[in-house]
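Engineer: Dropping in input08.csv, with CSV, C-alpha atoms and all ligand atoms.
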chain,number,residue,atom,x,y,z
A,1,MET,CA,88.0,89.7,119.5
A,2,LYS,CA,87.1,88.9,115.9
A,3,THR,CA,85.5,85.6,114.8
A,4,ILE,CA,86.5,84.9,111.2
A,5,LEU,CA,84.8,82.6,108.7
A,6,VAL,CA,87.1,81.6,105.8
A,7,THR,CA,85.8,80.0,102.6
A,8,GLY,CA,88.1,78.1,100.3
A,9,SER,CA,90.4,77.5,103.3
A,10,MET,CA,92.3,74.6,101.6
A,11,GLY,CA,93.2,76.7,98.6
A,12,GLN,CA,96.4,78.4,97.8
A,13,ILE,CA,95.7,81.5,100.0
A,14,GLY,CA,93.7,79.8,102.7
A,15,SER,CA,96.4,77.2,103.4
A,16,GLU,CA,98.7,80.0,104.6
A,17,LEU,CA,96.2,82.6,105.8
A,18,VAL,CA,94.2,80.3,108.2
A,19,PRO,CA,97.2,79.2,110.3
A,20,ARG,CA,98.4,82.8,110.5
A,21,LEU,CA,95.0,84.1,111.5
A,22,ARG,CA,94.8,81.4,114.2
A,23,ARG,CA,98.1,82.5,115.7
A,24,ILE,CA,96.8,86.1,115.9
A,25,TYR,CA,93.1,85.7,116.8
A,26,GLY,CA,93.1,82.2,118.5
A,27,GLU,CA,92.3,78.8,117.1
A,28,ASP,CA,88.6,78.9,118.0
A,29,HIS,CA,88.1,82.3,116.4
A,30,VAL,CA,88.9,81.2,112.9
A,31,ILE,CA,86.3,78.9,111.2
A,32,ALA,CA,87.8,77.2,108.2
A,33,THR,CA,85.5,76.0,105.4
A,34,ASP,CA,85.9,74.4,102.1
A,35,ILE,CA,84.0,72.2,99.7
A,36,ARG,CA,86.3,69.2,100.5
A,37,PRO,CA,86.2,67.1,103.7
A,38,PRO,CA,89.0,68.1,106.2
A,39,ASP,CA,92.3,66.5,105.3
A,40,LYS,CA,94.1,66.8,108.7
A,41,GLU,CA,93.5,67.5,112.4
A,42,GLN,CA,92.9,71.2,112.7
A,43,GLY,CA,90.8,73.8,114.5
A,44,PRO,CA,87.1,74.4,113.7
A,45,TYR,CA,86.3,73.2,110.2
A,46,VAL,CA,83.0,73.0,108.3
A,47,GLN,CA,82.5,71.4,104.8
A,48,LEU,CA,80.7,74.2,102.9
A,49,ASP,CA,79.5,74.7,99.4
A,50,VAL,CA,79.5,78.5,99.0
A,51,THR,CA,76.8,78.3,96.4
A,52,ASP,CA,74.4,77.1,99.1
A,53,ARG,CA,73.2,80.4,100.6
A,54,ARG,CA,71.3,78.8,103.5
A,55,ALA,CA,74.3,76.7,104.5
A,56,PHE,CA,76.6,79.7,104.2
A,57,TYR,CA,74.4,81.9,106.4
A,58,ASP,CA,73.7,79.1,109.0
A,59,THR,CA,77.5,78.3,109.3
A,60,ALA,CA,78.4,81.9,109.8
A,61,LYS,CA,75.5,82.5,112.3
A,62,ARG,CA,76.3,79.3,114.3
A,63,TYR,CA,79.9,80.4,115.0
A,64,GLY,CA,79.0,84.0,115.5
A,65,ALA,CA,81.2,85.2,112.6
A,66,ASP,CA,81.7,89.0,112.5
A,67,SER,CA,84.2,88.8,109.7
A,68,ILE,CA,84.1,86.7,106.4
A,69,LEU,CA,87.1,86.1,104.2
A,70,HIS,CA,85.6,84.7,101.1
A,71,LEU,CA,88.4,83.1,99.1
A,72,ALA,CA,86.5,80.3,97.2
A,73,ALA,CA,86.6,80.8,93.4
A,74,LEU,CA,87.6,79.3,90.1
A,75,LEU,CA,90.8,80.9,88.7
A,76,SER,CA,91.3,82.3,85.3
A,77,ALA,CA,92.3,79.4,83.0
A,78,ARG,CA,89.8,77.0,84.7
A,79,ALA,CA,87.1,79.7,84.4
A,80,GLU,CA,87.8,80.1,80.7
A,81,ARG,CA,87.3,76.4,80.2
A,82,ASP,CA,83.9,76.4,81.9
A,83,PRO,CA,82.5,79.9,81.9
A,84,LEU,CA,79.1,79.0,83.2
A,85,LEU,CA,80.4,77.1,86.2
A,86,ALA,CA,82.7,80.1,86.8
A,87,TRP,CA,79.8,82.5,86.9
A,88,GLU,CA,77.9,80.2,89.2
A,89,ILE,CA,80.7,79.7,91.7
A,90,ASN,CA,82.4,83.1,91.5
A,91,MET,CA,79.3,85.3,91.4
A,92,GLY,CA,76.9,83.0,93.2
A,93,GLY,CA,79.4,82.4,96.0
A,94,LEU,CA,80.2,86.1,96.4
A,95,LEU,CA,76.5,87.1,96.5
A,96,ASN,CA,75.9,84.5,99.3
A,97,ALA,CA,78.9,85.9,101.1
A,98,LEU,CA,77.6,89.5,100.8
A,99,GLU,CA,74.1,88.5,101.8
A,100,THR,CA,75.5,86.7,104.9
A,101,ALA,CA,77.7,89.7,105.8
A,102,ARG,CA,74.7,92.0,105.4
A,103,GLU,CA,72.4,89.9,107.6
A,104,LEU,CA,75.0,89.4,110.3
A,105,ASN,CA,76.6,92.9,110.1
A,106,ALA,CA,80.0,91.2,109.4
A,107,GLN,CA,83.1,92.6,107.7
A,108,LEU,CA,83.8,91.0,104.3
A,109,PHE,CA,87.1,90.5,102.4
A,110,THR,CA,87.3,89.0,99.0
A,111,PRO,CA,90.2,88.9,96.6
A,112,SER,CA,90.0,90.6,93.2
A,113,SER,CA,92.8,90.2,90.6
A,114,ILE,CA,95.0,91.7,88.0
A,115,GLY,CA,92.4,89.9,85.8
A,116,VAL,CA,90.1,92.9,86.1
A,117,PHE,CA,92.1,94.7,83.5
A,118,GLY,CA,92.0,94.0,79.8
A,119,PRO,CA,93.9,95.0,76.7
A,120,ASP,CA,92.5,98.6,76.8
A,121,ALA,CA,94.1,99.4,80.2
A,122,PRO,CA,97.6,100.9,80.3
A,123,LYS,CA,100.1,98.0,80.4
A,124,ASP,CA,102.8,99.5,82.6
A,125,ARG,CA,102.2,100.8,86.1
A,126,THR,CA,98.5,100.2,85.5
A,127,PRO,CA,96.7,102.9,87.6
A,128,GLN,CA,94.3,102.1,90.5
A,129,VAL,CA,91.5,103.8,88.6
A,130,THR,CA,91.5,103.2,84.8
A,131,VAL,CA,89.4,101.4,82.2
A,132,GLN,CA,88.4,97.8,83.2
A,133,ARG,CA,87.3,95.9,80.1
A,134,PRO,CA,88.5,92.3,80.7
A,135,VAL,CA,88.2,89.7,77.9
A,136,THR,CA,88.0,86.6,80.2
A,137,MET,CA,85.1,85.2,82.2
A,138,TYR,CA,87.3,85.4,85.3
A,139,GLY,CA,88.0,89.1,84.7
A,140,VAL,CA,84.3,89.7,84.1
A,141,ASN,CA,83.5,88.0,87.4
A,142,LYS,CA,86.1,90.0,89.3
A,143,VAL,CA,85.0,93.4,87.9
A,144,ALA,CA,81.4,92.5,88.7
A,145,GLY,CA,82.5,91.3,92.1
A,146,GLU,CA,84.3,94.6,92.8
A,147,LEU,CA,81.2,96.5,91.8
A,148,LEU,CA,78.9,94.3,93.8
A,149,CYS,CA,81.1,94.7,96.9
A,150,GLN,CA,81.0,98.5,96.4
A,151,TYR,CA,77.2,98.4,96.0
A,152,TYR,CA,76.7,96.5,99.3
A,153,PHE,CA,79.0,99.1,101.0
A,154,LEU,CA,77.1,102.1,99.6
A,155,LYS,CA,73.6,100.7,99.9
A,156,TYR,CA,73.7,98.6,103.0
A,157,GLY,CA,76.9,99.8,104.8
A,158,VAL,CA,78.6,96.4,104.6
A,159,ASP,CA,82.3,96.8,105.5
A,160,THR,CA,83.6,95.3,102.2
A,161,ARG,CA,87.3,95.3,101.4
A,162,GLY,CA,89.4,93.8,98.6
A,163,LEU,CA,92.8,93.5,97.0
A,164,ARG,CA,93.6,93.0,93.3
A,165,PHE,CA,96.1,90.2,93.7
A,166,PRO,CA,98.8,89.5,91.1
A,167,GLY,CA,100.1,85.9,90.7
A,168,LEU,CA,100.7,84.6,94.2
A,169,ILE,CA,103.8,82.4,94.8
A,170,SER,CA,103.8,79.9,97.6
A,171,HIS,CA,105.3,76.6,98.6
A,172,THR,CA,102.5,75.4,100.9
A,173,ALA,CA,99.6,74.6,98.7
A,174,PRO,CA,99.8,74.5,94.9
A,175,PRO,CA,97.6,76.9,92.9
A,176,GLY,CA,95.2,75.4,90.5
A,177,GLY,CA,93.6,76.6,87.3
A,178,GLY,CA,95.4,80.0,87.2
A,179,THR,CA,97.4,81.6,84.4
A,180,THR,CA,100.2,82.7,86.8
A,181,ASP,CA,100.7,79.2,88.2
A,182,TYR,CA,103.8,78.6,86.1
A,183,ALA,CA,105.7,80.9,88.5
A,184,VAL,CA,105.1,78.4,91.3
A,185,ASP,CA,105.8,75.3,89.2
A,186,ILE,CA,109.1,76.7,87.9
A,187,TYR,CA,110.6,76.6,91.4
A,188,PHE,CA,109.5,73.0,92.2
A,189,ALA,CA,110.7,71.8,88.8
A,190,ALA,CA,114.1,73.7,89.2
A,191,ALA,CA,114.7,72.2,92.7
A,192,ARG,CA,113.6,68.7,91.8
A,193,HIS,CA,114.5,68.2,88.1
A,194,GLY,CA,116.9,71.1,87.2
A,195,GLY,CA,114.6,72.3,84.3
A,196,TYR,CA,111.2,73.5,83.4
A,197,GLU,CA,108.9,73.7,80.3
A,198,SER,CA,107.0,77.0,80.5
A,199,TYR,CA,103.5,77.4,79.1
A,200,ILE,CA,104.0,81.2,79.2
A,201,ALA,CA,106.2,82.7,76.5
A,202,ALA,CA,109.5,84.5,77.1
A,203,GLY,CA,108.9,88.3,77.3
A,204,THR,CA,105.4,88.0,78.8
A,205,PHE,CA,105.5,90.1,82.0
A,206,MET,CA,103.0,89.8,84.8
A,207,ASP,CA,103.0,90.9,88.4
A,208,PHE,CA,103.8,88.5,91.3
A,209,MET,CA,103.9,88.6,95.1
A,210,TYR,CA,105.2,86.0,97.7
A,211,MET,CA,102.4,84.5,99.8
A,212,PRO,CA,103.6,85.8,103.2
A,213,ASP,CA,103.3,89.4,101.8
A,214,ALA,CA,99.8,88.6,100.5
A,215,VAL,CA,98.7,87.2,103.9
A,216,GLU,CA,100.0,90.2,105.7
A,217,ALA,CA,98.3,92.5,103.2
A,218,VAL,CA,94.9,90.8,103.9
A,219,ILE,CA,95.3,91.2,107.6
A,220,GLN,CA,96.6,94.8,107.4
A,221,LEU,CA,93.7,95.8,105.1
A,222,MET,CA,91.1,94.1,107.4
A,223,GLU,CA,92.5,95.9,110.4
A,224,ALA,CA,92.9,99.3,108.7
A,225,ASP,CA,90.9,102.4,109.8
A,226,PRO,CA,87.9,102.4,107.5
A,227,SER,CA,87.9,106.2,107.3
A,228,GLY,CA,91.1,106.1,105.1
A,229,LEU,CA,89.8,103.5,102.6
A,230,VAL,CA,88.8,105.4,99.5
A,231,HIS,CA,89.4,102.5,97.1
A,232,ARG,CA,88.2,99.7,99.4
A,233,ASN,CA,86.9,97.6,96.5
A,234,ALA,CA,89.7,96.9,95.5
A,235,TYR,CA,93.3,97.9,95.8
A,236,ASN,CA,96.1,97.2,93.3
A,237,VAL,CA,98.9,95.3,95.1
A,238,THR,CA,102.1,93.6,93.8
A,239,ALA,CA,105.7,93.1,94.7
A,240,MET,CA,107.5,92.4,91.4
A,241,SER,CA,107.0,92.2,87.7
A,242,ALA,CA,108.7,89.3,85.9
A,243,ASP,CA,108.7,87.1,82.8
A,244,PRO,CA,109.9,83.5,82.6
A,245,GLU,CA,113.4,84.6,81.6
A,246,MET,CA,113.7,86.8,84.7
A,247,LEU,CA,112.7,84.0,87.0
A,248,ALA,CA,115.1,81.6,85.3
A,249,ALA,CA,118.0,84.1,85.7
A,250,GLU,CA,117.3,84.4,89.4
A,251,ILE,CA,117.1,80.6,89.7
A,252,ARG,CA,120.4,80.2,87.9
A,253,LYS,CA,122.1,82.1,90.7
A,254,HIS,CA,121.4,79.0,92.9
A,255,ILE,CA,121.2,76.3,90.2
A,256,PRO,CA,123.6,77.4,87.4
A,257,ASP,CA,122.7,74.8,84.8
A,258,PHE,CA,118.9,75.3,85.2
A,259,ARG,CA,117.3,74.7,81.8
A,260,LEU,CA,114.2,76.6,80.6
A,261,HIS,CA,112.2,75.4,77.6
A,262,TYR,CA,108.9,76.6,76.2
A,263,ARG,CA,105.7,74.9,75.1
A,264,VAL,CA,103.3,77.8,75.0
A,265,ASP,CA,99.7,77.1,76.0
A,266,PRO,CA,97.6,79.3,73.6
A,267,LEU,CA,94.7,79.9,76.1
A,268,LYS,CA,96.9,80.8,79.1
A,269,GLN,CA,99.2,82.9,76.8
A,270,ARG,CA,96.2,84.8,75.5
A,271,ILE,CA,95.0,85.5,79.0
A,272,ALA,CA,98.4,86.7,80.1
A,273,GLU,CA,98.8,89.0,77.2
A,274,SER,CA,95.5,90.7,78.1
A,275,TRP,CA,96.7,91.5,81.6
A,276,PRO,CA,99.0,94.3,82.8
A,277,ASP,CA,102.8,94.0,82.8
A,278,SER,CA,102.9,95.8,86.1
A,279,LEU,CA,100.6,97.6,88.6
A,280,ASP,CA,100.7,101.0,90.3
A,281,THR,CA,100.2,100.4,94.1
A,282,THR,CA,100.3,104.0,95.3
A,283,ALA,CA,96.7,104.0,96.6
A,284,ALA,CA,97.3,100.9,98.8
A,285,GLU,CA,100.6,102.4,100.0
A,286,ASN,CA,99.0,105.8,100.9
A,287,GLU,CA,95.6,104.6,102.2
A,288,TRP,CA,96.7,101.7,104.5
A,289,GLY,CA,100.4,101.4,104.4
A,290,PHE,CA,100.9,98.5,102.0
A,291,ARG,CA,104.6,97.6,101.8
A,292,PRO,CA,105.7,94.1,100.6
A,293,ARG,CA,108.9,92.7,102.1
A,294,PHE,CA,109.9,90.1,99.6
A,295,THR,CA,111.9,90.9,96.5
A,296,LEU,CA,112.4,88.4,93.6
A,297,GLU,CA,115.9,87.6,95.1
A,298,LYS,CA,114.7,86.8,98.6
A,299,MET,CA,111.6,84.9,97.4
A,300,THR,CA,113.6,82.8,95.0
A,301,GLU,CA,116.0,81.8,97.8
A,302,GLU,CA,113.1,80.7,100.0
A,303,MET,CA,111.1,79.0,97.3
A,304,LEU,CA,114.1,76.9,96.2
A,305,ALA,CA,114.9,76.0,99.8
A,306,PHE,CA,111.3,74.8,100.4
A,307,ALA,CA,110.9,73.2,97.0
A,308,GLY,CA,114.2,71.3,97.5
A,309,GLY,CA,113.1,70.0,100.9
A,310,ARG,CA,115.5,72.2,102.8
A,311,ASN,CA,114.6,74.7,105.5
A,312,PRO,CA,114.4,78.4,104.4
A,313,PRO,CA,117.3,80.7,105.4
A,314,GLU,CA,117.3,81.4,109.1
A,315,ASP,CA,118.1,85.1,108.9
A,316,GLY,CA,115.3,86.2,106.5
A,317,PRO,CA,112.0,87.7,107.6
A,318,ARG,CA,109.0,85.6,106.8
A,319,GLY,CA,106.4,88.3,106.8
A,320,ASN,CA,105.7,90.1,110.0
A,321,SER,CA,106.0,88.4,113.4
A,322,PRO,CA,102.7,87.5,115.1
B,401,LIG,C1,95.2,83.5,88.0
B,401,LIG,O1,96.2,83.3,87.3
B,401,LIG,O2,94.1,83.2,87.6
B,401,LIG,C2,95.3,84.1,89.4
B,401,LIG,C3,95.1,85.6,89.3
B,401,LIG,C4,96.2,86.4,88.8
B,401,LIG,O3,94.1,86.1,89.7
B,401,LIG,N1,96.6,83.8,90.0
Can the structure from this file be put into structure tokens for me?
Structural biologist:
Amino acid sequence: MKTILVTGSMGQIGSELVPRLRRIYGEDHVIATDIRPPDKEQGPYVQLDVTDRRAFYDTAKRYGADSILHLAALLSARAERDPLLAWEINMGGLLNALETARELNAQLFTPSSIGVFGPDAPKDRTPQVTVQRPVTMYGVNKVAGELLCQYYFLKYGVDTRGLRFPGLISHTAPPGGGTTDYAVDIYFAAARHGGYESYIAAGTFMDFMYMPDAVEAVIQLMEADPSGLVHRNAYNVTAMSADPEMLAAEIRKHIPDFRLHYRVDPLKQRIAESWPDSLDTTAAENEWGFRPRFTLEKMTEEMLAFAGGRNPPEDGPRGNSP
């Protein structure tokens, strides 16, 4: 049975991924770590700064980790405000994760992002393999991260795997410092206040995916037969492409008088405009069977139910069953 070390476990992805992993692999086989002290009773937890290579290695070794899910990172808008810190955490943390994986012969997953593409890449159905010239520090980190993971795979045989995530939408833990965060905020504002002021302009399309689909995609990729993984670092994945008006139209099916206003944030808008409108996910579909379950309609129904403090609809699938 796998023993999995997760960094950034209290972040947006980790908050849903860790409980799901514990249901599959057992509580004691998933070691959650984050830079913060633990906030509730839970399974094995270690406070870990991923830029401390010795502590990273010692923690993984102590628990006998044979799999590392390295999630700790600064997101795009935050990284743009402090590029040096972003380099330190995003690249330093990844290098420590890769070195630990190499020394312990462990599998390694780390998320990449739609941020690896820049204005030179095709905007619609952006191909798996195309020009990657990002204009943000976050994008530079993620491209370098993909290449570094591929280098460790080719040179040392480390079983590195990654996904280029779009904006991830979840009701469990708020995102922080991302460009796509508006697509989470809009649901909470709609359910609680009936209106939202968007920092992303109307007509700005980006890709999104509901968190249960993202969690299943990570697990599916980590369990996939390595012989089929041609583009292991990293796969385009997404479930829907939307702009603020599309999200609002879907919300109005449940809250007819929902109001959407705009106060555009120039930094986040500039980042969003440099990213694809939609990704081509053919490689992920063909190489390991990626197939998201949540459409915009179904996700909106659930997000509004959770954000409004109601239970989600009984009949809908919530990702795959354990
Ligand atoms: C961000 O907005 O920075 C992230 C991402 C798309 O990688 N959600």
Engineer: Between atom CA of Leu48 of chain A and atom CA of Ala32 of chain A, what distance in Å does the model show, to one decimal?
Structural biologist: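 Calculated distance between atom CA of Leu48 of chain A and atom CA of Ala32 of chain A is 9.4 Å.
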Engineer: A:Glu297, A:Glu223, A:Asp207, A:Glu27: which is nearest ligand LIG 401 (chain B), counting all atoms listed in the file?
Structural biologist: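 For ligand LIG 401 (chain B), the nearest of the given residues is A:Asp207.
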Engineer: Taking a cut-off of 7 Å and counting only C-alpha atoms and all ligand atoms, can you build a table that, for each residue of chain A near ligand LIG 401 (chain B), reports the nearest atom pair and how far apart they are in Å (one decimal), sorted by chain then residue number, as a tab-separated table?
Structural biologist:
residue	atom	partner	partner_atom	distance
A:Leu75	CA	B:LIG401	O2	4.2
A:Ser76	CA	B:LIG401	O2	3.7
A:Ala77	CA	B:LIG401	O2	6.2
A:Ser113	CA	B:LIG401	O3	4.4
A:Ile114	CA	B:LIG401	C4	5.5
A:Gly115	CA	B:LIG401	O3	5.7
A:Phe165	CA	B:LIG401	O3	6.1
A:Pro166	CA	B:LIG401	C4	4.7
A:Gly167	CA	B:LIG401	N1	4.1
A:Leu168	CA	B:LIG401	N1	5.9
A:Gly177	CA	B:LIG401	O2	6.6
A:Gly178	CA	B:LIG401	O1	3.4
A:Thr179	CA	B:LIG401	O1	3.6
A:Thr180	CA	B:LIG401	O1	4.1
A:Asp181	CA	B:LIG401	O1	6.2
Engineer: Using all atoms listed in the file, find the one residue out of A:Leu304, A:Tyr196, A:Trp288, A:Leu247 that sits nearest to Ala224 of chain A.
Structural biologist: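 Going through A:Leu304, A:Tyr196, A:Trp288, A:Leu247 one by one, the smallest distance to Ala224 of chain A is for A:Trp288.
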Engineer: Which residue gives the smallest distance to Gly11 of chain A among A:Asp28, A:Asp34, A:Glu287, A:Glu273, with all atoms listed in the file counted?
Structural biologist: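 Closest residue, counting all atoms listed in the file: A:Asp34.
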Engineer: Pick out the closest residue to Asp280 of chain A from this set: A:Gly309, A:Pro256, A:Pro226, A:Pro122. Count all atoms listed in the file.
Structural biologist: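 So, comparing all the options, the nearest one is A:Pro122.
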Engineer: Quick check, in Å to one decimal: how far apart do atom CA of Val50 of chain A and atom CA of Ala73 of chain A lie?
Structural biologist: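 Here the two named atoms are 9.3 Å from each other.
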Engineer: Go through A:Arg102, A:Lys2, A:Pro119, A:Arg259 and flag the residue nearest Tyr57 of chain A, using only C-alpha atoms for the distances.
Structural biologist: A:Arg102
Engineer: Provide the atom CA of Ser15 of chain A to atom CA of Ile200 of chain A distance in Å, to one decimal place.
Structural biologist: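 Between atom CA of Ser15 of chain A and atom CA of Ile200 of chain A the gap is 25.7 Å.
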Engineer: Pick from A:Arg164, A:Lys142, A:Arg232, A:Arg62: nearest to Ala79 of chain A, with only C-alpha atoms counted?
Structural biologist: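 Closest candidate: A:Lys142.
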Engineer: For the contact check between segment 99-166 of chain A and segment 266-272 of chain A, emit one row per residue of segment 99-166 of chain A within 12 Å, containing the shortest atom pair and the distance in Å rounded to one decimal, counting all atoms listed in the file, chain then rising number order, as a tab-separated table.
Structural biologist:
residue	atom	partner	partner_atom	distance
A:Ile114	CA	A:Ala272	CA	9.9
A:Gly115	CA	A:Ile271	CA	8.5
A:Val116	CA	A:Ile271	CA	11.4
A:Phe117	CA	A:Ile271	CA	10.6
A:Gly118	CA	A:Ile271	CA	9.0
A:Pro119	CA	A:Ile271	CA	9.8
A:Lys123	CA	A:Ala272	CA	11.4
A:Pro134	CA	A:Ile271	CA	9.6
A:Val135	CA	A:Ile271	CA	8.1
A:Thr136	CA	A:Ile271	CA	7.2
A:Met137	CA	A:Ile271	CA	10.4
A:Tyr138	CA	A:Ile271	CA	9.9
A:Gly139	CA	A:Ile271	CA	9.7
A:Pro166	CA	A:Ala272	CA	11.4
Engineer: Which neighbours of His261 of chain A fall inside 10 Å, counting only C-alpha atoms, when residues of the same chain fewer than 6 positions from it are skipped, and could you give them as a PDB file with C-alpha atoms, keeping the file's coordinate frame?
Structural biologist:
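Saved to selection16.pdb:
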ATOM      1  CA  GLY A 195     114.600  72.300  84.300  1.00  0.00           C
ATOM      2  CA  TYR A 196     111.200  73.500  83.400  1.00  0.00           C
ATOM      3  CA  GLU A 197     108.900  73.700  80.300  1.00  0.00           C
ATOM      4  CA  SER A 198     107.000  77.000  80.500  1.00  0.00           C
ATOM      5  CA  TYR A 199     103.500  77.400  79.100  1.00  0.00           C
ATOM      6  CA  ALA A 201     106.200  82.700  76.500  1.00  0.00           C
ATOM      7  CA  ALA A 202     109.500  84.500  77.100  1.00  0.00           C
ATOM      8  CA  PRO A 244     109.900  83.500  82.600  1.00  0.00           C
TER       9      PRO A 244
END
Engineer: Might you pull out every residue within 12 Å of Leu94 of chain A, with only C-alpha atoms counted and same-chain residues fewer than 2 positions away left off, and present them as an NGL selection string?
Structural biologist: :A and (7-8 or 49-53 or 56 or 68-74 or 86-92 or 96-101 or 108-112 or 141-142 or 144-149 or 152 or 160)
Engineer: For the residues selected in the previous step, produce a file with C-alpha atoms as a short mmCIF file (atom, residue, chain, number, x, y, z; two decimals), in the coordinates of the input.
Structural biologist:
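Written file, again-v8.cif:
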data_model
loop_
_atom_site.label_atom_id
_atom_site.label_comp_id
_atom_site.auth_asym_id
_atom_site.auth_seq_id
_atom_site.Cartn_x
_atom_site.Cartn_y
_atom_site.Cartn_z
CA THR A 7 85.80 80.00 102.60
CA GLY A 8 88.10 78.10 100.30
CA ASP A 49 79.50 74.70 99.40
CA VAL A 50 79.50 78.50 99.00
CA THR A 51 76.80 78.30 96.40
CA ASP A 52 74.40 77.10 99.10
CA ARG A 53 73.20 80.40 100.60
CA PHE A 56 76.60 79.70 104.20
CA ILE A 68 84.10 86.70 106.40
CA LEU A 69 87.10 86.10 104.20
CA HIS A 70 85.60 84.70 101.10
CA LEU A 71 88.40 83.10 99.10
CA ALA A 72 86.50 80.30 97.20
CA ALA A 73 86.60 80.80 93.40
CA LEU A 74 87.60 79.30 90.10
CA ALA A 86 82.70 80.10 86.80
CA TRP A 87 79.80 82.50 86.90
CA GLU A 88 77.90 80.20 89.20
CA ILE A 89 80.70 79.70 91.70
CA ASN A 90 82.40 83.10 91.50
CA MET A 91 79.30 85.30 91.40
CA GLY A 92 76.90 83.00 93.20
CA ASN A 96 75.90 84.50 99.30
CA ALA A 97 78.90 85.90 101.10
CA LEU A 98 77.60 89.50 100.80
CA GLU A 99 74.10 88.50 101.80
CA THR A 100 75.50 86.70 104.90
CA ALA A 101 77.70 89.70 105.80
CA LEU A 108 83.80 91.00 104.30
CA PHE A 109 87.10 90.50 102.40
CA THR A 110 87.30 89.00 99.00
CA PRO A 111 90.20 88.90 96.60
CA SER A 112 90.00 90.60 93.20
CA ASN A 141 83.50 88.00 87.40
CA LYS A 142 86.10 90.00 89.30
CA ALA A 144 81.40 92.50 88.70
CA GLY A 145 82.50 91.30 92.10
CA GLU A 146 84.30 94.60 92.80
CA LEU A 147 81.20 96.50 91.80
CA LEU A 148 78.90 94.30 93.80
CA CYS A 149 81.10 94.70 96.90
CA TYR A 152 76.70 96.50 99.30
CA THR A 160 83.60 95.30 102.20
#
